[in-house]
Amino acid sequence: MVTVNIGMLHYILDHVYGAFVHRTKITPPFFSRGWGGTKLELLERLISQLFPEVEGQNWPPSLIQPIWRTVWETQNACLREGVFRTPCDEQLLSALPPESQNARVAFLVPKDVPPQKMACVVHLAGTGDHTFERRLRLGGPLLKQNIATMVLESPFYGQRRPMLQRGAKLLCVSDLLLLGRATIEEARSLLYWLDSEAGFGKMGVCGLSMGGVHAAMVGSLHPTPVATLPFLSPHSAVVAFCEGILKHATAWEALREDLAAKEAAMTLEEVRERMRNVLSLTDVTRFPIPKNPNAIIFVAATDDGYIPKHSVLELQKAWHGSEVRWVTGGHVSSFLLHNNEFRKAIVDGLNRLEWKESSL
């Protein structure tokens with residue numbers, strides 16, 4: 001009798017999918033235009049200012065005023081789409097491509113429920129998630145539990161994608177840091193809007209993969225307690241681009257040539273070390289623990305070809321009091337098959353928050 005190791009099959013599926021998407025040259029690699037020059041230096045400086053050794057990491061979010069239009073409405077729910085100018089400061093704004101400077105959100109809300117009796121979760125995009133649909137499908141069933149869903153379109157994605165960029169393949173390393181920094185600003189401003197303008201009683205932030213890294217950062221840097229829900233997420237982009245499958249989708253030769261033009265010639269291993277140093281800025285374990293550690297729930301996959309187990313455990317160790325839940329599968333299969341586990345984590349995380357005192 002032949003026994004099949006299901007975990008190994010999930011892991012192999014991740015690698016087969018990764019090989020098809022990232023090694024077949026169907027799409028260009030990540031960072032084909034190099035490091036990003038002076039933009040990279042700017043982003044390294046701005047992101048290092050987020051860390052707890054620098055005072056003021058919980059600077060207040062900027063107030064935004066989205067302009068809304070109704071997409072559809074039923075007896076029980078309403079879907080609106082909104083646009084707003086990204087709340088980034090002038091330095092960040094000038095570094096963003098023009099296409100990315102206006103943010104877009106979808107907002108799915110139960111009807112006939114007072115906002116102070118509702119929760120809302122901001123859903124951030126994973127790598128390659130260019131539309132609202134998948135995240136709206138994840139959040140839709142939660143309407144019955146009076147949980148609204150707000151979906152942010154990432155800078156560099158969807159209608160915010162720069163003209164020369166193919167799919168999700170960012171042109172420069174600086175774009176990855178810029179995407180993250182702008183997403184943090186926009187998500188914090190959306191949480192602040194939900195709290196101060198819309199009057200929601202509880203808030204949370206979640207995301208899959210890259211979106212989970214950003215969700216962890218937002219939960220860490222937001223000045224008030226929110227449920228923080230990273231799904232299938234590493235503790236740092238170093239893991240994704242230097243250890244996991246995406247290392248095969250990175251333009252290492254172009255990065256080496258870019259460095260050689262400015263500095264000395266380097267081996268590929270030295271180029272990878274430079275990448276590790278740059279992406280260490282995305283290490284969530286360096287960020288302060290969110291205000292309510294009990295409301296942090298990580299959902300990780302047992303056989304993830306993109307995110308090794310040690311990466312998830314590093315986050316749990318750094319954020320004492322958080323919970324890790326394991327689902328059986330790989331990155332791709334869990335993304336497809338475990339939405340109910342992600343929804344349960346959202347509900348449980350929100351249940352661990354106190355309702356906001358009504359000002360009425």
# chains A, B, ... in the order shown; residues from 1 in each chain; ligands from 1
>>> residues_around(residues="stretch 298-309 of chain A", least_positions_apart="3", cutoff="6 Å", atoms="only C-alpha atoms", output="list in words")
Gly7, Tyr11, Asp14, Leu229, Pro230, Phe231, Leu232, Pro234, Gly244, Ile245, Val312, Val324, Arg325, Trp326, Val327, Thr328, Gly329, Gly330 and His331 of chain A
>>> write_last_selection(atoms="N, CA and C atoms", output="compact mmCIF listing (two decimals), in the first residue's frame")
# COMPACT_ATOMS: atom_id res chain seq x y z
N GLY A 7 0.96 16.67 3.04
CA GLY A 7 1.70 17.91 3.26
C GLY A 7 2.72 18.16 2.16
N TYR A 11 3.11 21.26 -0.58
CA TYR A 11 4.38 21.98 -0.73
C TYR A 11 4.82 21.94 -2.20
N ASP A 14 2.84 24.33 -4.38
CA ASP A 14 3.38 25.68 -4.32
C ASP A 14 4.54 25.85 -5.29
N LEU A 229 -4.77 40.81 11.99
CA LEU A 229 -5.04 39.47 11.48
C LEU A 229 -4.23 39.17 10.22
N PRO A 230 -2.94 38.79 10.38
CA PRO A 230 -2.12 38.43 9.22
C PRO A 230 -2.33 36.96 8.84
N PHE A 231 -2.63 36.71 7.57
CA PHE A 231 -2.89 35.35 7.09
C PHE A 231 -1.81 34.94 6.08
N LEU A 232 -1.24 33.74 6.28
CA LEU A 232 -0.22 33.18 5.38
C LEU A 232 0.90 34.19 5.14
N PRO A 234 4.73 36.10 6.11
CA PRO A 234 6.04 35.98 6.74
C PRO A 234 6.25 37.12 7.74
N GLY A 244 12.01 32.09 0.03
CA GLY A 244 10.88 31.37 -0.55
C GLY A 244 10.94 31.33 -2.07
N ILE A 245 9.83 30.94 -2.66
CA ILE A 245 9.76 30.71 -4.11
C ILE A 245 10.03 31.98 -4.91
N VAL A 312 6.83 32.43 10.81
CA VAL A 312 5.60 32.67 11.57
C VAL A 312 5.89 32.65 13.07
N VAL A 324 -1.25 31.84 17.13
CA VAL A 324 -1.04 31.29 15.78
C VAL A 324 -1.98 30.11 15.60
N ARG A 325 -2.70 30.11 14.48
CA ARG A 325 -3.54 28.97 14.10
C ARG A 325 -2.99 28.36 12.82
N TRP A 326 -2.93 27.04 12.78
CA TRP A 326 -2.37 26.35 11.61
C TRP A 326 -3.49 25.71 10.80
N VAL A 327 -3.43 25.89 9.50
CA VAL A 327 -4.34 25.17 8.59
C VAL A 327 -3.49 24.20 7.78
N THR A 328 -4.10 23.08 7.41
CA THR A 328 -3.37 22.06 6.66
C THR A 328 -3.33 22.46 5.19
N GLY A 329 -2.12 22.62 4.67
CA GLY A 329 -2.02 22.97 3.25
C GLY A 329 -0.78 23.77 2.97
N GLY A 330 -0.66 24.15 1.69
CA GLY A 330 0.42 25.02 1.25
C GLY A 330 -0.11 26.44 1.09
N HIS A 331 0.71 27.30 0.52
CA HIS A 331 0.32 28.70 0.34
C HIS A 331 -0.86 28.81 -0.62
>>> residues_around(residues="A:Leu255", least_positions_apart="3", cutoff="7 Å", atoms="only C-alpha atoms", output="list of chain:residue names")
A:Gly34, A:Trp35, A:Ala251, A:Trp252, A:Asp258, A:Leu259
>>> residues_around(residues="A:Leu79", least_positions_apart="6", cutoff="12 Å", atoms="only C-alpha atoms", output="list in words")
Trp68, Arg69, Thr70, Val71, Trp72, Glu73, Val105, Ala106, Phe107, Leu108, Val109, Pro110, Lys111, Phe132, Glu133, Leu136, Gly139, Gly140, Leu143, Ala148, Thr149, Met150 and Val151 of chain A
>>> residues_around(residues="A:Asn340", least_positions_apart="5", cutoff="10 Å", atoms="only C-alpha atoms", output="PyMOL selection string")
chain A and resi 138+141+345-346
>>> write_last_selection(atoms="N, CA, C and O atoms", output="PDB file, in the first residue's frame")
ATOM      1  N   LEU A 138     -14.320  37.189   0.584  1.00  0.00           N
ATOM      2  CA  LEU A 138     -13.900  36.766   1.920  1.00  0.00           C
ATOM      3  C   LEU A 138     -14.747  37.457   2.986  1.00  0.00           C
ATOM      4  O   LEU A 138     -15.199  36.836   3.949  1.00  0.00           O
ATOM      5  N   PRO A 141     -19.665  37.030   3.636  1.00  0.00           N
ATOM      6  CA  PRO A 141     -20.454  36.240   4.590  1.00  0.00           C
ATOM      7  C   PRO A 141     -20.454  36.808   6.010  1.00  0.00           C
ATOM      8  O   PRO A 141     -21.298  36.434   6.822  1.00  0.00           O
ATOM      9  N   ALA A 345     -11.053  33.624  12.228  1.00  0.00           N
ATOM     10  CA  ALA A 345     -10.029  34.433  12.900  1.00  0.00           C
ATOM     11  C   ALA A 345     -10.465  35.895  12.985  1.00  0.00           C
ATOM     12  O   ALA A 345     -10.248  36.560  14.005  1.00  0.00           O
ATOM     13  N   ILE A 346     -11.105  36.396  11.923  1.00  0.00           N
ATOM     14  CA  ILE A 346     -11.602  37.783  11.932  1.00  0.00           C
ATOM     15  C   ILE A 346     -12.626  37.963  13.052  1.00  0.00           C
ATOM     16  O   ILE A 346     -12.542  38.895  13.854  1.00  0.00           O
TER      17      ILE A 346
END
>>> select_by_dssp(residues="stretch 32-236 of chain A", states="strand (DSSP E)", output="count of residues only")
49
>>> closest_atom_pairs(of="stretch 288-310 of chain A", to="stretch 211-225 of chain A", cutoff="7 Å", atoms="only C-alpha atoms", output="Markdown table")
| residue | atom | partner | partner_atom | distance |
| --- | --- | --- | --- | --- |
| A:Pro288 | CA | A:Ser220 | CA | 5.7 |
| A:Ile289 | CA | A:Ser220 | CA | 5.5 |
| A:Pro290 | CA | A:Ser220 | CA | 4.2 |
| A:Lys291 | CA | A:Pro225 | CA | 4.9 |
| A:Asn292 | CA | A:Pro225 | CA | 5.5 |
>>> write_last_selection(atoms="N, CA and C atoms", output="compact mmCIF listing (two decimals), in the first residue's frame")
# COMPACT_ATOMS: atom_id res chain seq x y z
N PRO A 288 6.68 47.84 17.17
CA PRO A 288 6.09 47.69 18.51
C PRO A 288 4.88 46.75 18.47
N ILE A 289 4.66 46.05 19.57
CA ILE A 289 3.52 45.13 19.66
C ILE A 289 2.22 45.94 19.64
N PRO A 290 1.19 45.48 18.91
CA PRO A 290 -0.08 46.21 18.89
C PRO A 290 -0.68 46.38 20.28
N LYS A 291 -1.60 47.34 20.41
CA LYS A 291 -2.13 47.76 21.72
C LYS A 291 -2.86 46.63 22.44
N ASN A 292 -3.49 45.72 21.68
CA ASN A 292 -4.18 44.59 22.31
C ASN A 292 -3.62 43.28 21.73
>>> closest_residue(among="A:Glu153, A:Glu263, A:Glu185, A:Glu314", to="A:Glu81", atoms="only C-alpha atoms")
A:Glu153
>>> residues_around(residues="A:Pro61", least_positions_apart="5", cutoff="10 Å", atoms="only C-alpha atoms", output="mmCIF file with all heavy atoms, in the first residue's frame")
data_model
loop_
_atom_site.group_PDB
_atom_site.id
_atom_site.type_symbol
_atom_site.label_atom_id
_atom_site.label_comp_id
_atom_site.auth_asym_id
_atom_site.auth_seq_id
_atom_site.Cartn_x
_atom_site.Cartn_y
_atom_site.Cartn_z
ATOM 1 N N PRO A 87 -2.833 59.943 1.728
ATOM 2 C CA PRO A 87 -2.460 60.892 2.790
ATOM 3 C C PRO A 87 -0.954 60.975 3.037
ATOM 4 O O PRO A 87 -0.527 61.546 4.034
ATOM 5 C CB PRO A 87 -3.191 60.329 4.013
ATOM 6 C CG PRO A 87 -3.271 58.862 3.757
ATOM 7 C CD PRO A 87 -3.418 58.691 2.269
ATOM 8 N N ILE A 184 0.553 51.500 4.519
ATOM 9 C CA ILE A 184 0.430 51.737 5.965
ATOM 10 C C ILE A 184 -0.285 53.058 6.223
ATOM 11 O O ILE A 184 -1.221 53.134 7.031
ATOM 12 C CB ILE A 184 1.823 51.733 6.629
ATOM 13 C CG1 ILE A 184 2.415 50.327 6.633
ATOM 14 C CG2 ILE A 184 1.746 52.257 8.064
ATOM 15 C CD1 ILE A 184 3.895 50.279 7.006
ATOM 16 N N GLU A 185 0.146 54.115 5.526
ATOM 17 C CA GLU A 185 -0.478 55.432 5.715
ATOM 18 C C GLU A 185 -1.965 55.391 5.369
ATOM 19 O O GLU A 185 -2.804 55.917 6.108
ATOM 20 C CB GLU A 185 0.214 56.483 4.836
ATOM 21 C CG GLU A 185 1.624 56.809 5.241
ATOM 22 C CD GLU A 185 1.678 57.509 6.586
ATOM 23 O OE1 GLU A 185 0.783 58.316 6.899
ATOM 24 O OE2 GLU A 185 2.612 57.211 7.342
ATOM 25 N N GLU A 186 -2.287 54.781 4.230
ATOM 26 C CA GLU A 186 -3.672 54.769 3.761
ATOM 27 C C GLU A 186 -4.553 53.931 4.675
ATOM 28 O O GLU A 186 -5.677 54.335 5.011
ATOM 29 C CB GLU A 186 -3.713 54.241 2.318
ATOM 30 C CG GLU A 186 -3.089 55.209 1.323
ATOM 31 C CD GLU A 186 -2.828 54.629 -0.050
ATOM 32 O OE1 GLU A 186 -3.249 53.478 -0.306
ATOM 33 O OE2 GLU A 186 -2.194 55.324 -0.866
ATOM 34 N N ALA A 187 -4.056 52.774 5.107
ATOM 35 C CA ALA A 187 -4.864 51.896 5.965
ATOM 36 C C ALA A 187 -5.097 52.542 7.334
ATOM 37 O O ALA A 187 -6.203 52.455 7.889
ATOM 38 C CB ALA A 187 -4.181 50.534 6.122
ATOM 39 N N ARG A 188 -4.078 53.197 7.884
ATOM 40 C CA ARG A 188 -4.266 53.872 9.171
ATOM 41 C C ARG A 188 -5.288 54.999 9.049
ATOM 42 O O ARG A 188 -6.116 55.205 9.940
ATOM 43 C CB ARG A 188 -2.936 54.423 9.687
ATOM 44 C CG ARG A 188 -1.963 53.344 10.134
ATOM 45 C CD ARG A 188 -0.600 53.907 10.512
ATOM 46 N NE ARG A 188 -0.646 54.502 11.842
ATOM 47 C CZ ARG A 188 -0.478 55.784 12.093
ATOM 48 N NH1 ARG A 188 -0.284 56.660 11.125
ATOM 49 N NH2 ARG A 188 -0.502 56.232 13.345
ATOM 50 N N SER A 189 -5.243 55.711 7.930
ATOM 51 C CA SER A 189 -6.216 56.788 7.712
ATOM 52 C C SER A 189 -7.628 56.239 7.544
ATOM 53 O O SER A 189 -8.601 56.846 8.012
ATOM 54 C CB SER A 189 -5.820 57.623 6.491
ATOM 55 O OG SER A 189 -4.669 58.384 6.777
ATOM 56 N N LEU A 190 -7.762 55.075 6.890
ATOM 57 C CA LEU A 190 -9.083 54.452 6.749
ATOM 58 C C LEU A 190 -9.616 54.011 8.115
ATOM 59 O O LEU A 190 -10.803 54.198 8.418
ATOM 60 C CB LEU A 190 -9.014 53.262 5.790
ATOM 61 C CG LEU A 190 -8.854 53.618 4.309
ATOM 62 C CD1 LEU A 190 -8.511 52.374 3.483
ATOM 63 C CD2 LEU A 190 -10.108 54.289 3.755
ATOM 64 N N LEU A 191 -8.756 53.422 8.951
ATOM 65 C CA LEU A 191 -9.192 53.031 10.306
ATOM 66 C C LEU A 191 -9.624 54.259 11.105
ATOM 67 O O LEU A 191 -10.617 54.222 11.842
ATOM 68 C CB LEU A 191 -8.062 52.299 11.027
ATOM 69 C CG LEU A 191 -7.744 50.877 10.532
ATOM 70 C CD1 LEU A 191 -6.424 50.389 11.118
ATOM 71 C CD2 LEU A 191 -8.871 49.898 10.876
ATOM 72 N N TYR A 192 -8.882 55.341 10.952
ATOM 73 C CA TYR A 192 -9.218 56.583 11.655
ATOM 74 C C TYR A 192 -10.557 57.138 11.162
ATOM 75 O O TYR A 192 -11.393 57.597 11.950
ATOM 76 C CB TYR A 192 -8.091 57.595 11.438
ATOM 77 C CG TYR A 192 -8.238 58.891 12.197
ATOM 78 C CD1 TYR A 192 -8.515 58.903 13.565
ATOM 79 C CD2 TYR A 192 -8.091 60.117 11.546
ATOM 80 C CE1 TYR A 192 -8.640 60.099 14.261
ATOM 81 C CE2 TYR A 192 -8.216 61.315 12.234
ATOM 82 C CZ TYR A 192 -8.493 61.296 13.589
ATOM 83 O OH TYR A 192 -8.624 62.477 14.269
ATOM 84 N N TRP A 193 -10.788 57.053 9.842
ATOM 85 C CA TRP A 193 -12.066 57.496 9.263
ATOM 86 C C TRP A 193 -13.216 56.636 9.797
ATOM 87 O O TRP A 193 -14.276 57.155 10.178
ATOM 88 C CB TRP A 193 -11.986 57.430 7.737
ATOM 89 C CG TRP A 193 -13.233 57.908 7.056
ATOM 90 C CD1 TRP A 193 -13.546 59.192 6.687
ATOM 91 C CD2 TRP A 193 -14.368 57.104 6.666
ATOM 92 N NE1 TRP A 193 -14.788 59.237 6.103
ATOM 93 C CE2 TRP A 193 -15.315 57.972 6.072
ATOM 94 C CE3 TRP A 193 -14.674 55.755 6.760
ATOM 95 C CZ2 TRP A 193 -16.533 57.523 5.578
ATOM 96 C CZ3 TRP A 193 -15.889 55.297 6.261
ATOM 97 C CH2 TRP A 193 -16.797 56.179 5.689
ATOM 98 N N LEU A 221 1.271 50.067 14.388
ATOM 99 C CA LEU A 221 1.487 51.519 14.414
ATOM 100 C C LEU A 221 0.210 52.323 14.650
ATOM 101 O O LEU A 221 0.285 53.538 14.832
ATOM 102 C CB LEU A 221 2.122 51.957 13.093
ATOM 103 C CG LEU A 221 3.524 51.388 12.837
ATOM 104 C CD1 LEU A 221 3.953 51.659 11.406
ATOM 105 C CD2 LEU A 221 4.534 51.945 13.813
ATOM 106 N N HIS A 222 -0.952 51.651 14.667
ATOM 107 C CA HIS A 222 -2.189 52.405 14.877
ATOM 108 C C HIS A 222 -2.300 52.810 16.349
ATOM 109 O O HIS A 222 -1.996 52.017 17.241
ATOM 110 C CB HIS A 222 -3.412 51.581 14.448
ATOM 111 C CG HIS A 222 -4.612 52.443 14.211
ATOM 112 N ND1 HIS A 222 -4.652 53.390 13.212
ATOM 113 C CD2 HIS A 222 -5.797 52.531 14.858
ATOM 114 C CE1 HIS A 222 -5.811 54.016 13.256
ATOM 115 N NE2 HIS A 222 -6.524 53.516 14.238
ATOM 116 N N PRO A 223 -2.743 54.051 16.626
ATOM 117 C CA PRO A 223 -2.713 54.532 18.010
ATOM 118 C C PRO A 223 -3.763 53.924 18.938
ATOM 119 O O PRO A 223 -3.662 54.070 20.154
ATOM 120 C CB PRO A 223 -2.932 56.047 17.867
ATOM 121 C CG PRO A 223 -3.533 56.242 16.524
ATOM 122 C CD PRO A 223 -3.063 55.111 15.669
#
>>> closest_residue(among="A:Ser154, A:Ser174, A:Asn294, A:Ser334", to="A:Ala227", atoms="only C-alpha atoms")
A:Asn294
>>> select_by_dssp(residues="stretch 254-299 of chain A", states="alpha helix (DSSP H)", output="list of chain:residue names")
A:Ala254, A:Leu255, A:Arg256, A:Glu257, A:Asp258, A:Leu259, A:Ala260, A:Ala261, A:Lys262, A:Leu268, A:Glu269, A:Glu270, A:Val271, A:Arg272, A:Glu273, A:Arg274, A:Met275, A:Arg276, A:Asn277, A:Val278, A:Leu279
>>> write_last_selection(atoms="C-alpha atoms", output="mmCIF file, in the first residue's frame")
data_model
loop_
_atom_site.group_PDB
_atom_site.id
_atom_site.type_symbol
_atom_site.label_atom_id
_atom_site.label_comp_id
_atom_site.auth_asym_id
_atom_site.auth_seq_id
_atom_site.Cartn_x
_atom_site.Cartn_y
_atom_site.Cartn_z
ATOM 1 C CA ALA A 254 19.803 43.250 -13.280
ATOM 2 C CA LEU A 255 20.269 44.149 -9.597
ATOM 3 C CA ARG A 256 23.940 43.164 -9.787
ATOM 4 C CA GLU A 257 24.483 45.260 -12.935
ATOM 5 C CA ASP A 258 22.744 48.249 -11.314
ATOM 6 C CA LEU A 259 25.068 48.029 -8.295
ATOM 7 C CA ALA A 260 28.145 47.510 -10.502
ATOM 8 C CA ALA A 261 27.346 50.740 -12.387
ATOM 9 C CA LYS A 262 27.368 52.739 -9.124
ATOM 10 C CA LEU A 268 25.364 37.307 -6.788
ATOM 11 C CA GLU A 269 25.653 36.272 -3.141
ATOM 12 C CA GLU A 270 26.763 39.801 -2.224
ATOM 13 C CA VAL A 271 23.784 41.182 -4.153
ATOM 14 C CA ARG A 272 21.461 38.883 -2.206
ATOM 15 C CA GLU A 273 23.047 40.067 1.046
ATOM 16 C CA ARG A 274 22.389 43.673 0.015
ATOM 17 C CA MET A 275 18.758 42.709 -0.645
ATOM 18 C CA ARG A 276 18.511 41.109 2.812
ATOM 19 C CA ASN A 277 19.807 44.312 4.382
ATOM 20 C CA VAL A 278 17.327 46.514 2.485
ATOM 21 C CA LEU A 279 14.348 44.246 3.143
#
>>> residues_around(residues="stretch 88-98 of chain A", least_positions_apart="4", cutoff="9 Å", atoms="only C-alpha atoms", output="PDB file with N, CA, C and O atoms, in the first residue's frame")
ATOM      1  N   LYS A  39      15.513  57.089  -4.803  1.00  0.00           N
ATOM      2  CA  LYS A  39      14.230  56.738  -4.168  1.00  0.00           C
ATOM      3  C   LYS A  39      14.438  55.687  -3.085  1.00  0.00           C
ATOM      4  O   LYS A  39      13.804  55.728  -2.041  1.00  0.00           O
ATOM      5  N   LEU A  42      15.749  57.314   0.020  1.00  0.00           N
ATOM      6  CA  LEU A  42      14.657  58.045   0.688  1.00  0.00           C
ATOM      7  C   LEU A  42      13.774  57.083   1.470  1.00  0.00           C
ATOM      8  O   LEU A  42      13.452  57.318   2.642  1.00  0.00           O
ATOM      9  N   LEU A  43      13.392  55.988   0.814  1.00  0.00           N
ATOM     10  CA  LEU A  43      12.483  55.033   1.469  1.00  0.00           C
ATOM     11  C   LEU A  43      13.149  54.359   2.657  1.00  0.00           C
ATOM     12  O   LEU A  43      12.516  54.143   3.695  1.00  0.00           O
ATOM     13  N   LEU A  46      12.872  56.858   5.453  1.00  0.00           N
ATOM     14  CA  LEU A  46      11.507  57.062   5.945  1.00  0.00           C
ATOM     15  C   LEU A  46      10.987  55.846   6.708  1.00  0.00           C
ATOM     16  O   LEU A  46      10.268  55.982   7.696  1.00  0.00           O
ATOM     17  N   SER A  62      -3.651  60.645   9.302  1.00  0.00           N
ATOM     18  CA  SER A  62      -4.234  61.807   8.619  1.00  0.00           C
ATOM     19  C   SER A  62      -5.721  61.561   8.389  1.00  0.00           C
ATOM     20  O   SER A  62      -6.135  60.442   8.066  1.00  0.00           O
ATOM     21  N   ASN A 102      -3.850  58.542  -6.171  1.00  0.00           N
ATOM     22  CA  ASN A 102      -5.226  58.512  -5.669  1.00  0.00           C
ATOM     23  C   ASN A 102      -5.570  57.089  -5.256  1.00  0.00           C
ATOM     24  O   ASN A 102      -5.378  56.148  -6.025  1.00  0.00           O
ATOM     25  N   PRO A 155      -1.324  50.718  -3.807  1.00  0.00           N
ATOM     26  CA  PRO A 155      -0.507  51.437  -4.787  1.00  0.00           C
ATOM     27  C   PRO A 155       0.229  50.416  -5.660  1.00  0.00           C
ATOM     28  O   PRO A 155       0.552  49.317  -5.186  1.00  0.00           O
ATOM     29  N   PHE A 156       0.462  50.745  -6.910  1.00  0.00           N
ATOM     30  CA  PHE A 156       1.145  49.884  -7.885  1.00  0.00           C
ATOM     31  C   PHE A 156       0.284  48.714  -8.364  1.00  0.00           C
ATOM     32  O   PHE A 156       0.767  47.880  -9.131  1.00  0.00           O
ATOM     33  N   ARG A 160      -4.191  51.558 -10.036  1.00  0.00           N
ATOM     34  CA  ARG A 160      -3.086  52.369  -9.523  1.00  0.00           C
ATOM     35  C   ARG A 160      -1.731  51.861 -10.039  1.00  0.00           C
ATOM     36  O   ARG A 160      -0.681  52.302  -9.584  1.00  0.00           O
ATOM     37  N   ARG A 161      -1.767  50.936 -10.983  1.00  0.00           N
ATOM     38  CA  ARG A 161      -0.528  50.340 -11.504  1.00  0.00           C
ATOM     39  C   ARG A 161       0.149  51.300 -12.487  1.00  0.00           C
ATOM     40  O   ARG A 161      -0.501  51.823 -13.388  1.00  0.00           O
ATOM     41  N   PRO A 162       1.460  51.523 -12.339  1.00  0.00           N
ATOM     42  CA  PRO A 162       2.169  52.374 -13.297  1.00  0.00           C
ATOM     43  C   PRO A 162       2.113  51.785 -14.707  1.00  0.00           C
ATOM     44  O   PRO A 162       2.088  50.558 -14.879  1.00  0.00           O
ATOM     45  N   ASP A 175      10.188  50.385  -5.173  1.00  0.00           N
ATOM     46  CA  ASP A 175       8.726  50.320  -5.318  1.00  0.00           C
ATOM     47  C   ASP A 175       8.095  49.448  -4.233  1.00  0.00           C
ATOM     48  O   ASP A 175       6.991  49.730  -3.765  1.00  0.00           O
ATOM     49  N   LEU A 178       8.028  51.478  -1.123  1.00  0.00           N
ATOM     50  CA  LEU A 178       7.071  52.573  -1.306  1.00  0.00           C
ATOM     51  C   LEU A 178       5.639  52.065  -1.218  1.00  0.00           C
ATOM     52  O   LEU A 178       4.773  52.681  -0.576  1.00  0.00           O
ATOM     53  N   LEU A 179       5.383  50.915  -1.839  1.00  0.00           N
ATOM     54  CA  LEU A 179       4.057  50.278  -1.756  1.00  0.00           C
ATOM     55  C   LEU A 179       3.686  50.043  -0.295  1.00  0.00           C
ATOM     56  O   LEU A 179       2.578  50.363   0.141  1.00  0.00           O
ATOM     57  N   ARG A 181       4.990  51.447   2.518  1.00  0.00           N
ATOM     58  CA  ARG A 181       4.886  52.676   3.319  1.00  0.00           C
ATOM     59  C   ARG A 181       3.579  53.405   3.017  1.00  0.00           C
ATOM     60  O   ARG A 181       2.898  53.891   3.931  1.00  0.00           O
ATOM     61  N   ALA A 182       3.198  53.491   1.730  1.00  0.00           N
ATOM     62  CA  ALA A 182       1.948  54.167   1.363  1.00  0.00           C
ATOM     63  C   ALA A 182       0.739  53.379   1.857  1.00  0.00           C
ATOM     64  O   ALA A 182      -0.244  53.957   2.339  1.00  0.00           O
ATOM     65  N   GLU A 185       0.146  54.115   5.526  1.00  0.00           N
ATOM     66  CA  GLU A 185      -0.478  55.432   5.715  1.00  0.00           C
ATOM     67  C   GLU A 185      -1.965  55.391   5.369  1.00  0.00           C
ATOM     68  O   GLU A 185      -2.804  55.917   6.108  1.00  0.00           O
ATOM     69  N   GLU A 186      -2.287  54.781   4.230  1.00  0.00           N
ATOM     70  CA  GLU A 186      -3.672  54.769   3.761  1.00  0.00           C
ATOM     71  C   GLU A 186      -4.553  53.931   4.675  1.00  0.00           C
ATOM     72  O   GLU A 186      -5.677  54.335   5.011  1.00  0.00           O
TER      73      GLU A 186
END
>>> atom_distance(atom1="atom CA of A:Arg286", atom2="atom CA of A:His123")
22.6 Å
>>> residues_around(residues="A:Ser236", least_positions_apart="3", cutoff="8 Å", atoms="only C-alpha atoms", output="ChimeraX atom specification")
/A:213,239-240,279-280,282-284,311
